[in-house]
Each structure stands twice: as structure tokens, then as C-alpha cells.
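**Student:** Here you go, query-v7.cif (mmCIF, C-alpha atoms (C1' of nucleotides)):
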data_target
loop_
_atom_site.label_atom_id
_atom_site.label_comp_id
_atom_site.auth_asym_id
_atom_site.auth_seq_id
_atom_site.Cartn_x
_atom_site.Cartn_y
_atom_site.Cartn_z
CA MET A 1 6.61 13.97 -10.92
CA ASP A 2 5.86 13.95 -7.21
CA ASP A 3 4.99 10.93 -5.14
CA LEU A 4 3.60 7.99 -7.07
CA THR A 5 3.91 5.58 -4.18
CA GLU A 6 0.27 4.88 -3.54
CA LEU A 7 -0.74 4.68 -7.16
CA LEU A 8 2.09 2.25 -7.81
CA LYS A 9 0.69 -0.34 -5.42
CA GLY A 10 0.03 -3.46 -7.38
CA VAL A 11 1.15 -1.81 -10.59
CA LEU A 12 4.83 -2.64 -10.21
CA GLU A 13 4.17 -6.34 -9.85
CA GLY A 14 2.33 -6.20 -13.17
CA ALA A 15 5.11 -4.19 -14.76
CA VAL A 16 7.73 -6.67 -13.61
CA MET A 17 5.71 -9.59 -14.95
CA GLN A 18 5.30 -7.82 -18.26
CA ILE A 19 9.03 -7.23 -18.51
CA LEU A 20 9.67 -10.89 -17.70
CA ARG A 21 7.21 -11.92 -20.33
CA HIS A 22 9.18 -10.02 -22.89
CA ARG A 23 12.46 -11.58 -21.85
CA SER A 24 13.88 -13.58 -18.99
CA THR A 25 16.10 -11.42 -16.85
CA TYR A 26 17.30 -10.69 -13.33
CA GLY A 27 16.54 -8.24 -10.57
CA TYR A 28 19.21 -5.66 -11.09
CA GLU A 29 18.35 -5.43 -14.76
CA ILE A 30 14.66 -5.03 -14.01
CA VAL A 31 15.40 -2.09 -11.77
CA ARG A 32 17.22 -0.40 -14.64
CA ALA A 33 14.46 -1.28 -17.09
CA LEU A 34 11.86 0.31 -14.81
CA ASN A 35 14.04 3.36 -14.30
CA GLY A 36 14.49 3.63 -18.04
CA ALA A 37 10.75 3.32 -18.52
CA GLY A 38 10.20 6.43 -16.45
CA PHE A 39 9.75 4.93 -13.01
CA ALA A 40 12.89 6.71 -11.94
CA SER A 41 12.58 6.25 -8.23
CA VAL A 42 11.98 2.52 -8.20
CA SER A 43 14.92 0.86 -6.48
CA GLU A 44 16.22 -2.57 -5.56
CA GLY A 45 14.46 -2.57 -2.23
CA THR A 46 11.23 -2.47 -4.20
CA VAL A 47 11.98 -4.94 -6.96
CA TYR A 48 13.55 -7.78 -5.02
CA PRO A 49 10.57 -8.26 -2.74
CA ILE A 50 8.36 -8.37 -5.84
CA LEU A 51 10.53 -11.10 -7.37
CA LEU A 52 10.46 -13.09 -4.14
CA ARG A 53 6.69 -12.74 -4.08
CA LEU A 54 6.38 -13.90 -7.68
CA GLU A 55 8.59 -16.85 -6.88
CA LYS A 56 6.56 -17.73 -3.80
CA LYS A 57 3.36 -17.57 -5.83
CA GLY A 58 4.85 -19.89 -8.42
CA CYS A 59 4.64 -17.38 -11.24
CA VAL A 60 8.28 -17.62 -12.25
CA GLU A 61 11.11 -20.10 -12.72
CA VAL A 62 14.49 -19.18 -11.33
CA MET A 63 17.90 -20.03 -12.68
CA GLN A 64 21.24 -19.20 -11.16
CA GLN A 65 23.60 -17.78 -13.74
CA ARG A 66 27.19 -16.68 -13.40
CA SER A 67 28.01 -13.14 -14.29
CA GLU A 68 31.25 -11.78 -15.74
CA VAL A 69 31.04 -8.53 -13.89
CA GLY A 70 29.81 -9.40 -10.43
CA PRO A 71 28.13 -11.94 -8.24
CA PRO A 72 25.89 -14.64 -9.79
CA ARG A 73 22.49 -13.55 -11.07
CA LYS A 74 19.10 -15.05 -10.44
CA VAL A 75 17.47 -15.11 -13.84
CA TYR A 76 13.66 -15.16 -13.71
CA THR A 77 11.38 -16.59 -16.36
CA LEU A 78 7.63 -16.13 -16.45
CA ASN A 79 5.87 -19.50 -16.51
CA THR A 80 2.31 -20.47 -17.42
CA ALA A 81 0.91 -19.47 -14.04
CA GLY A 82 2.73 -16.18 -14.39
CA GLU A 83 1.22 -15.52 -17.78
CA ALA A 84 -2.22 -16.15 -16.34
CA ALA A 85 -1.50 -13.80 -13.46
CA LEU A 86 -0.28 -11.17 -15.89
CA GLU A 87 -3.43 -11.59 -17.93
CA GLY A 88 -5.47 -11.06 -14.78
CA PHE A 89 -3.47 -8.01 -13.95
CA TRP A 90 -4.19 -6.40 -17.31
CA GLN A 91 -7.86 -7.19 -16.93
CA ARG A 92 -8.00 -5.52 -13.54
CA TRP A 93 -6.05 -2.58 -14.85
CA GLU A 94 -8.38 -2.24 -17.81
CA PHE A 95 -11.38 -2.48 -15.50
CA ILE A 96 -10.18 0.27 -13.19
CA SER A 97 -9.09 2.43 -16.09
CA THR A 98 -12.46 2.42 -17.76
CA ARG A 99 -14.43 2.95 -14.52
CA LEU A 100 -12.18 5.84 -13.64
CA GLN A 101 -12.64 7.33 -17.09
CA ASP A 102 -16.40 7.03 -16.64
CA ILE A 103 -16.25 8.90 -13.37
CA LYS A 104 -14.04 11.54 -14.88
CA GLU A 105 -16.47 12.13 -17.69
CA ASN A 106 -19.81 12.23 -15.95
CA GLY A 107 -18.94 12.46 -12.26
CA ASN A 108 -21.14 9.42 -12.07
CA ASP A 109 -24.85 9.76 -11.43
CA MET B 1 -13.82 -9.19 -11.10
CA ASP B 2 -11.60 -10.56 -8.39
CA ASP B 3 -9.62 -8.57 -5.89
CA LEU B 4 -8.89 -5.02 -6.91
CA THR B 5 -7.69 -3.94 -3.48
CA GLU B 6 -4.06 -3.29 -4.27
CA LEU B 7 -4.64 -1.60 -7.58
CA LEU B 8 -7.21 0.67 -5.94
CA LYS B 9 -4.66 2.19 -3.58
CA GLY B 10 -4.64 5.89 -4.21
CA VAL B 11 -7.21 5.55 -6.97
CA LEU B 12 -10.24 5.80 -4.73
CA GLU B 13 -9.17 9.09 -3.25
CA GLY B 14 -8.99 10.47 -6.79
CA ALA B 15 -12.35 8.99 -7.67
CA VAL B 16 -13.96 10.54 -4.60
CA MET B 17 -12.49 13.93 -5.40
CA GLN B 18 -13.71 13.67 -8.97
CA ILE B 19 -17.22 12.86 -7.77
CA LEU B 20 -17.08 15.80 -5.39
CA ARG B 21 -15.92 18.04 -8.18
CA HIS B 22 -18.98 17.13 -10.15
CA ARG B 23 -21.32 17.82 -7.26
CA SER B 24 -21.18 18.37 -3.53
CA THR B 25 -22.45 15.32 -1.72
CA TYR B 26 -22.07 13.16 1.37
CA GLY B 27 -20.41 9.89 2.32
CA TYR B 28 -23.26 7.48 2.05
CA GLU B 29 -24.11 8.81 -1.40
CA ILE B 30 -20.51 8.52 -2.55
CA VAL B 31 -20.46 4.86 -1.59
CA ARG B 32 -23.50 4.29 -3.78
CA ALA B 33 -22.02 6.33 -6.61
CA LEU B 34 -18.84 4.25 -6.55
CA ASN B 35 -20.85 1.05 -6.40
CA GLY B 36 -22.91 2.25 -9.33
CA ALA B 37 -19.75 3.11 -11.24
CA GLY B 38 -18.64 -0.51 -11.06
CA PHE B 39 -16.57 -0.46 -7.89
CA ALA B 40 -19.07 -2.83 -6.36
CA SER B 41 -17.11 -3.87 -3.32
CA VAL B 42 -16.23 -0.40 -2.06
CA SER B 43 -17.92 0.10 1.28
CA GLU B 44 -18.37 2.71 3.97
CA GLY B 45 -15.34 1.51 5.87
CA THR B 46 -13.34 2.59 2.84
CA VAL B 47 -15.02 5.87 1.95
CA TYR B 48 -15.35 7.54 5.33
CA PRO B 49 -11.64 7.36 6.08
CA ILE B 50 -11.00 8.91 2.66
CA LEU B 51 -13.35 11.80 3.43
CA LEU B 52 -11.70 12.36 6.79
CA ARG B 53 -8.34 12.36 5.04
CA LEU B 54 -9.50 14.90 2.48
CA GLU B 55 -10.85 17.07 5.24
CA LYS B 56 -7.62 16.84 7.21
CA LYS B 57 -5.66 17.80 4.11
CA GLY B 58 -7.89 20.81 3.59
CA CYS B 59 -9.17 19.65 0.22
CA VAL B 60 -12.84 19.91 1.09
CA GLU B 61 -15.35 22.09 2.92
CA VAL B 62 -17.86 20.37 5.15
CA MET B 63 -21.42 21.37 5.87
CA GLN B 64 -23.86 19.70 8.19
CA GLN B 65 -27.21 19.29 6.51
CA ARG B 66 -30.43 17.87 7.88
CA SER B 67 -31.96 14.96 6.02
CA GLU B 68 -35.61 14.08 5.58
CA VAL B 69 -34.98 10.39 5.74
CA GLY B 70 -32.39 9.85 8.42
CA PRO B 71 -29.64 11.37 10.51
CA PRO B 72 -27.97 14.61 9.40
CA ARG B 73 -25.54 14.45 6.52
CA LYS B 74 -22.05 15.82 6.19
CA VAL B 75 -22.02 17.39 2.77
CA TYR B 76 -18.55 17.73 1.26
CA THR B 77 -17.51 20.32 -1.30
CA LEU B 78 -14.22 20.31 -3.19
CA ASN B 79 -12.37 23.58 -2.65
CA THR B 80 -9.49 25.17 -4.55
CA ALA B 81 -6.86 23.06 -2.84
CA GLY B 82 -8.95 20.02 -3.63
CA GLU B 83 -9.14 20.91 -7.29
CA ALA B 84 -5.38 21.26 -7.38
CA ALA B 85 -4.98 17.90 -5.67
CA LEU B 86 -7.37 16.34 -8.15
CA GLU B 87 -5.40 17.82 -11.00
CA GLY B 88 -2.26 16.31 -9.54
CA PHE B 89 -3.97 12.97 -9.23
CA TRP B 90 -4.93 12.93 -12.89
CA GLN B 91 -1.42 13.86 -13.87
CA ARG B 92 0.03 10.99 -11.85
CA TRP B 93 -2.56 8.63 -13.24
CA GLU B 94 -1.78 9.72 -16.77
CA PHE B 95 1.92 9.30 -16.10
CA ILE B 96 1.60 5.77 -14.80
CA SER B 97 -0.86 4.83 -17.52
CA THR B 98 1.44 5.82 -20.34
CA ARG B 99 4.56 4.26 -18.78
CA LEU B 100 2.66 1.05 -18.25
CA GLN B 101 1.43 1.11 -21.83
CA ASP B 102 5.02 1.56 -22.98
CA ILE B 103 6.13 -1.46 -21.02
CA LYS B 104 3.24 -3.48 -22.33
CA GLU B 105 4.14 -2.66 -25.90
CA ASN B 106 7.87 -3.14 -25.98
CA GLY B 107 8.67 -4.92 -22.72
CA ASN B 108 11.02 -2.00 -22.32
CA ASP B 109 14.56 -2.19 -23.57
"C1'" DG C 1 -42.42 0.65 21.17
"C1'" DC C 2 -39.92 -1.70 17.33
"C1'" DA C 3 -37.86 -2.75 12.99
"C1'" DG C 4 -35.70 -1.01 9.03
"C1'" DT C 5 -33.33 2.39 6.55
"C1'" DT C 6 -30.21 6.07 6.46
"C1'" DA C 7 -25.93 7.94 7.91
"C1'" DC C 8 -21.83 8.27 10.36
"C1'" DC C 9 -17.53 6.57 12.62
"C1'" DT C 10 -13.72 3.41 14.71
"C1'" DC C 11 -10.75 -0.47 15.07
"C1'" DG C 12 -7.88 -4.07 13.47
"C1'" DT C 13 -5.72 -6.49 9.68
"C1'" DA C 14 -3.19 -7.33 5.49
"C1'" DA C 15 -0.70 -5.78 1.53
"C1'" DC C 16 2.50 -2.96 -0.67
"C1'" DG C 17 6.19 0.52 -1.70
"C1'" DC C 18 10.23 2.22 0.03
"C1'" DT C 19 14.15 3.40 3.02
"C1'" DT C 20 17.92 1.71 5.34
"C1'" DG C 21 21.29 -1.34 5.97
"C1'" DG C 22 23.90 -5.37 5.16
"C1'" DT C 23 26.43 -9.10 2.41
"C1'" DA C 24 29.22 -10.46 -1.31
"C1'" DC C 25 31.54 -10.85 -5.92
"C1'" DC C 26 34.47 -8.82 -9.33
"C1'" DA C 27 37.64 -5.37 -11.95
"C1'" DG C 28 40.72 -1.73 -12.00
"C1'" DT C 29 44.13 1.08 -9.84
"C1'" DA C 30 47.49 2.85 -6.79
"C1'" DT D 1 48.13 -5.59 -1.01
"C1'" DA D 2 44.56 -2.26 -0.21
"C1'" DC D 3 41.12 0.58 -1.85
"C1'" DT D 4 37.29 1.94 -4.75
"C1'" DG D 5 33.31 1.45 -7.35
"C1'" DG D 6 30.01 -1.12 -9.80
"C1'" DT D 7 27.20 -5.27 -9.73
"C1'" DA D 8 23.92 -8.26 -7.39
"C1'" DC D 9 21.26 -9.97 -3.75
"C1'" DC D 10 18.38 -9.92 0.65
"C1'" DA D 11 15.99 -8.55 5.36
"C1'" DA D 12 13.76 -5.52 8.76
"C1'" DG D 13 10.86 -1.86 9.71
"C1'" DC D 14 7.85 2.19 8.58
"C1'" DG D 15 3.87 4.56 6.71
"C1'" DT D 16 -0.12 4.43 3.84
"C1'" DT D 17 -4.06 2.35 2.17
"C1'" DA D 18 -8.36 -0.67 1.44
"C1'" DC D 19 -11.59 -3.15 3.78
"C1'" DG D 20 -14.38 -6.06 6.94
"C1'" DA D 21 -16.65 -5.97 11.30
"C1'" DG D 22 -18.79 -3.66 14.60
"C1'" DG D 23 -20.98 0.28 16.93
"C1'" DT D 24 -23.91 4.69 17.33
"C1'" DA D 25 -27.63 7.55 16.18
"C1'" DA D 26 -31.64 9.83 13.64
"C1'" DC D 27 -35.83 9.30 11.33
"C1'" DT D 28 -40.10 6.69 9.28
"C1'" DG D 29 -43.80 3.48 9.22
"C1'" DC D 30 -46.12 -0.08 11.42
#
The structure given in the file should be rewritten as C-alpha cells.
**Tutor:**
Amino acid sequence: MDDLTELLKGVLEGAVMQILRHRSTYGYEIVRALNGAGFASVSEGTVYPILLRLEKKGCVEVMQQRSEVGPPRKVYTLNTAGEAALEGFWQRWEFISTRLQDIKENGND
Amino acid sequence: MDDLTELLKGVLEGAVMQILRHRSTYGYEIVRALNGAGFASVSEGTVYPILLRLEKKGCVEVMQQRSEVGPPRKVYTLNTAGEAALEGFWQRWEFISTRLQDIKENGND
DNA sequence: GCAGTTACCTCGTAACGCTTGGTACCAGTA
DNA sequence: TACTGGTACCAAGCGTTACGAGGTAACTGC
């Protein structure tokens, strides 16, 4: 798959929130989860800013946790505000999806 | 619907191409088509740059056409390269859609 | 003439993904 | 001890995009 960059704008934040909703976890793990999900080219330089943004927006709780195999991890948990934001994300996604489908089907007149 | 800006990145170019595939038309009309399709907040300042981009990329042919109700129109037609680009867009969209659905369903482990 | 509509374009801003680079902790090995 | 590689985090800067604000120009009807 060629360059997804532009289409990924906004999407990754939703994806990260969804992953966090499923289970609390940390940045490095999220990168691997996204890679495993098919977003092969998503790297740390992309995910960490997203996590910082989510933290700044108050969508997540952060907990420092010691690791056995490396430096301490920052474990993120989606809170109530985060769940609301995620809900909003899915609504927007749904909205765009259906409009786009409409346009695809009848070119829109 | 609140702010779609970020999620629209890349999407609008595809939407414009799809509209052009359905019928050759001009900028002002495309704005109205998008508005009619539900993308209410999309304005000229968004669409004209997209058309210039498509032209620069060689995805469209342009024809000046006199109007009965105002200044001359620049009528855009999707060419072969444009159709290929549109095809690529739909593939990328499909790709992201399914991956996102996966993540939504099983949080991705 | 003048206003209103149609139609085009440009500029500046903000957001986001991504690359690059850097820091630091830990385990294993030579 | 020194080196290597994996884990884990963060910051700075670039390019692309959507979008609001503003400007220009053609045509119609009053």
C-alpha cells in the first residue's frame, strides 16, 4: 500500500483511543499493535505525540510502571472524557463514510 | 456535526475526483455538490486549491467555458491518470476502513 | 450606474503525520 | 568492563492539507 499519510490524519488518534479502550497500555506497545493491525509504517514518532495530545486534552490517565525489560513505561488508561471523545470520533467517521459512499454511488446530483 | 477538518484530509480530493468522474464540471458547482452531499462546511477556499492540485498532478483536463449567468467557468474533466488516482484513493480508503473496523472489533491483540 | 449573484483565486493559519535525532534503562555476551 | 541490541520515551522541524478571510471579475436586473 502506498502513502496513507493524508488519509490517516485524525484516524490514528481514534485508533489509539480505541486500543486504549480495549485495554490500558503504553506507547511502545501501541506502536506494535498498530503495526500488527496493518498500519505497518506507523512509528513511535507518530504515536507518542498522539499520547501527549490525549493527555493534554484530559482523555487519558497516566501511570508510571516499572518494566522488567527496559526503562519504566507510561501506562495510559482511557477515562470518561476519552470515551466521549472516542464516541465522537466514531460518529464523525461514520458520517464521512456514508457521505463518501453516497458520492461514490451517484456522483452526487 | 462538529469539526471534521482533520478526518477530511485527503478525503476531499477523492470526493472531488469521484464527482468529476461522474460528470465534468467546475469549481463553484463542486462546492455546491459537496455541500449538498452533507459536507456543509466545505467552501471555495478548500475546493479551488484541490482543483489546482489535481491539475498540477495531471489528473484533469481543463476547458474554459462561457457562462450565461456570470464569469467564464473552468470545466474540469477527469482523465486516465485521474481515474487511476481515484482508483488508488478508493483502495487506500478501503484499506484504512477495514483496518479501523478490525481495531474497533477486537481492540487488536 | 449599482447591487447581487456567479465564479475564480490567494494568503495565512492551524493541525497532523512522519522523519530524524536524542536520551536512557536493561540483559546478554565477549 | 565494554559492547550490542532491544525496550521505552521525547523534541524539533518539514510537508501537506483544510479552511477562513479577502480580493477580482463577469454578467443580470433594476
**Student:** Just the number, please: distance in Å from CA of Glu55 (chain A) to CA of Leu8 (chain B), one decimal.
**Tutor:**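 Computed distance, CA of Glu55 (chain A) to CA of Leu8 (chain B), equals 23.6 Å.
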**Student:** Can you tell me how far CA of Gly82 (chain B) sits from CA of Glu44 (chain B), in Å to one decimal?
**Tutor:**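 That distance, rounded to one decimal, is 21.1 Å.
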**Student:** Calculate how many Å separate CA of Pro71 (chain B) from CA of Thr25 (chain B), rounding to one decimal.
**Tutor:** 14.7 Å
**Student:** Please expand the PyMOL selection byres ((chain D) within 8 of (chain A)) into the concrete residues it hits in this file, giving the result as number ranges by chain.
**Tutor:** D: 7-8, 10, 16-17
**Student:** Quick one: residues within 9 Å of Gly14 (chain A), all atoms listed in the file counted, chain neighbours fewer than 6 positions away excluded, as a PyMOL selection string?
**Tutor:** (chain A and resi 85-86+89-90) or (chain B and resi 100)
**Student:** Tell me which residues the PyMOL selection byres ((chain C) within 7 of (chain A)) grabs here, as an NGL selection string.
**Tutor:** :C and (16-18 or 25-26)
**Student:** Would you translate the PyMOL selection byres ((chain B) within 7 of (chain A)) into the concrete set of residues it matches in this file, as a list in words?
**Tutor:** Leu4, Glu6, Leu7, Lys9, Gly10, Val11, Ala15, Gln18, Ile19, His22, Ala33, Ala37, Gly38, Arg92, Arg99, Leu100, Ile103, Lys104, Gly107, Asn108 and Asp109 of chain B
**Student:** I'd like the neighbourhood of DT13 (chain C) as a ChimeraX atom specification, where a residue qualifies if any of its atoms comes within 12 Å (using all atoms listed in the file), though same-chain residues fewer than 4 positions away should be ignored.
**Tutor:** /D:17-21
**Student:** Every residue with an atom at most 9 Å from (-16.6, 21.9, -0.5) (file coordinates; all atoms listed in the file) is what I'm after, so could you write them as a ChimeraX atom specification?
**Tutor:** /B:20-21,24-25,59-63,75-80,82
**Student:** Would you mind telling me which residue in D:DC30, D:DA25, D:DC3, D:DA12 lies nearest to DT20 (chain C) when using all atoms listed in the file?
**Tutor:**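 Comparing D:DC30, D:DA25, D:DC3, D:DA12 against DT20 (chain C), the winner is D:DA12.
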**Student:** Could you please fill out region 13-33 of chain A with N, CA and C atoms and send it back as a PDB file, keeping the file's coordinate frame?
**Tutor:**
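part_19.pdb, written as the output of this step:
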ATOM      1  N   GLU A  13       4.149  -4.889  -9.669  1.00  0.00           N
ATOM      2  CA  GLU A  13       4.170  -6.340  -9.850  1.00  0.00           C
ATOM      3  C   GLU A  13       3.759  -6.687 -11.282  1.00  0.00           C
ATOM      4  N   GLY A  14       2.757  -6.002 -11.783  1.00  0.00           N
ATOM      5  CA  GLY A  14       2.330  -6.200 -13.170  1.00  0.00           C
ATOM      6  C   GLY A  14       3.421  -5.800 -14.142  1.00  0.00           C
ATOM      7  N   ALA A  15       4.051  -4.678 -13.872  1.00  0.00           N
ATOM      8  CA  ALA A  15       5.110  -4.190 -14.760  1.00  0.00           C
ATOM      9  C   ALA A  15       6.264  -5.184 -14.816  1.00  0.00           C
ATOM     10  N   VAL A  16       6.631  -5.700 -13.657  1.00  0.00           N
ATOM     11  CA  VAL A  16       7.730  -6.670 -13.610  1.00  0.00           C
ATOM     12  C   VAL A  16       7.360  -7.931 -14.388  1.00  0.00           C
ATOM     13  N   MET A  17       6.141  -8.398 -14.207  1.00  0.00           N
ATOM     14  CA  MET A  17       5.710  -9.590 -14.950  1.00  0.00           C
ATOM     15  C   MET A  17       5.742  -9.334 -16.447  1.00  0.00           C
ATOM     16  N   GLN A  18       5.308  -8.150 -16.839  1.00  0.00           N
ATOM     17  CA  GLN A  18       5.300  -7.820 -18.260  1.00  0.00           C
ATOM     18  C   GLN A  18       6.707  -7.809 -18.837  1.00  0.00           C
ATOM     19  N   ILE A  19       7.628  -7.253 -18.079  1.00  0.00           N
ATOM     20  CA  ILE A  19       9.030  -7.230 -18.510  1.00  0.00           C
ATOM     21  C   ILE A  19       9.563  -8.662 -18.648  1.00  0.00           C
ATOM     22  N   LEU A  20       9.200  -9.496 -17.674  1.00  0.00           N
ATOM     23  CA  LEU A  20       9.670 -10.890 -17.700  1.00  0.00           C
ATOM     24  C   LEU A  20       9.037 -11.662 -18.842  1.00  0.00           C
ATOM     25  N   ARG A  21       7.860 -11.226 -19.227  1.00  0.00           N
ATOM     26  CA  ARG A  21       7.210 -11.920 -20.330  1.00  0.00           C
ATOM     27  C   ARG A  21       7.950 -11.634 -21.636  1.00  0.00           C
ATOM     28  N   HIS A  22       8.456 -10.429 -21.697  1.00  0.00           N
ATOM     29  CA  HIS A  22       9.180 -10.020 -22.890  1.00  0.00           C
ATOM     30  C   HIS A  22      10.526 -10.716 -23.007  1.00  0.00           C
ATOM     31  N   ARG A  23      11.169 -10.884 -21.876  1.00  0.00           N
ATOM     32  CA  ARG A  23      12.460 -11.580 -21.850  1.00  0.00           C
ATOM     33  C   ARG A  23      12.826 -11.957 -20.427  1.00  0.00           C
ATOM     34  N   SER A  24      13.408 -13.136 -20.295  1.00  0.00           N
ATOM     35  CA  SER A  24      13.880 -13.580 -18.990  1.00  0.00           C
ATOM     36  C   SER A  24      15.036 -12.679 -18.566  1.00  0.00           C
ATOM     37  N   THR A  25      15.021 -12.282 -17.319  1.00  0.00           N
ATOM     38  CA  THR A  25      16.100 -11.420 -16.850  1.00  0.00           C
ATOM     39  C   THR A  25      16.192 -11.459 -15.330  1.00  0.00           C
ATOM     40  N   TYR A  26      17.045 -10.638 -14.770  1.00  0.00           N
ATOM     41  CA  TYR A  26      17.300 -10.690 -13.330  1.00  0.00           C
ATOM     42  C   TYR A  26      17.014  -9.344 -12.673  1.00  0.00           C
ATOM     43  N   GLY A  27      16.982  -9.381 -11.353  1.00  0.00           N
ATOM     44  CA  GLY A  27      16.540  -8.240 -10.570  1.00  0.00           C
ATOM     45  C   GLY A  27      17.182  -6.904 -10.898  1.00  0.00           C
ATOM     46  N   TYR A  28      18.484  -6.909 -10.877  1.00  0.00           N
ATOM     47  CA  TYR A  28      19.210  -5.660 -11.090  1.00  0.00           C
ATOM     48  C   TYR A  28      18.853  -5.018 -12.428  1.00  0.00           C
ATOM     49  N   GLU A  29      18.717  -5.878 -13.427  1.00  0.00           N
ATOM     50  CA  GLU A  29      18.350  -5.430 -14.760  1.00  0.00           C
ATOM     51  C   GLU A  29      16.938  -4.843 -14.774  1.00  0.00           C
ATOM     52  N   ILE A  30      16.058  -5.482 -14.058  1.00  0.00           N
ATOM     53  CA  ILE A  30      14.660  -5.030 -14.010  1.00  0.00           C
ATOM     54  C   ILE A  30      14.564  -3.639 -13.411  1.00  0.00           C
ATOM     55  N   VAL A  31      15.372  -3.421 -12.381  1.00  0.00           N
ATOM     56  CA  VAL A  31      15.400  -2.090 -11.770  1.00  0.00           C
ATOM     57  C   VAL A  31      15.764  -1.048 -12.834  1.00  0.00           C
ATOM     58  N   ARG A  32      16.771  -1.354 -13.611  1.00  0.00           N
ATOM     59  CA  ARG A  32      17.220  -0.400 -14.640  1.00  0.00           C
ATOM     60  C   ARG A  32      16.176  -0.259 -15.737  1.00  0.00           C
ATOM     61  N   ALA A  33      15.505  -1.350 -16.058  1.00  0.00           N
ATOM     62  CA  ALA A  33      14.460  -1.280 -17.090  1.00  0.00           C
ATOM     63  C   ALA A  33      13.331  -0.362 -16.616  1.00  0.00           C
TER      64      ALA A  33
END
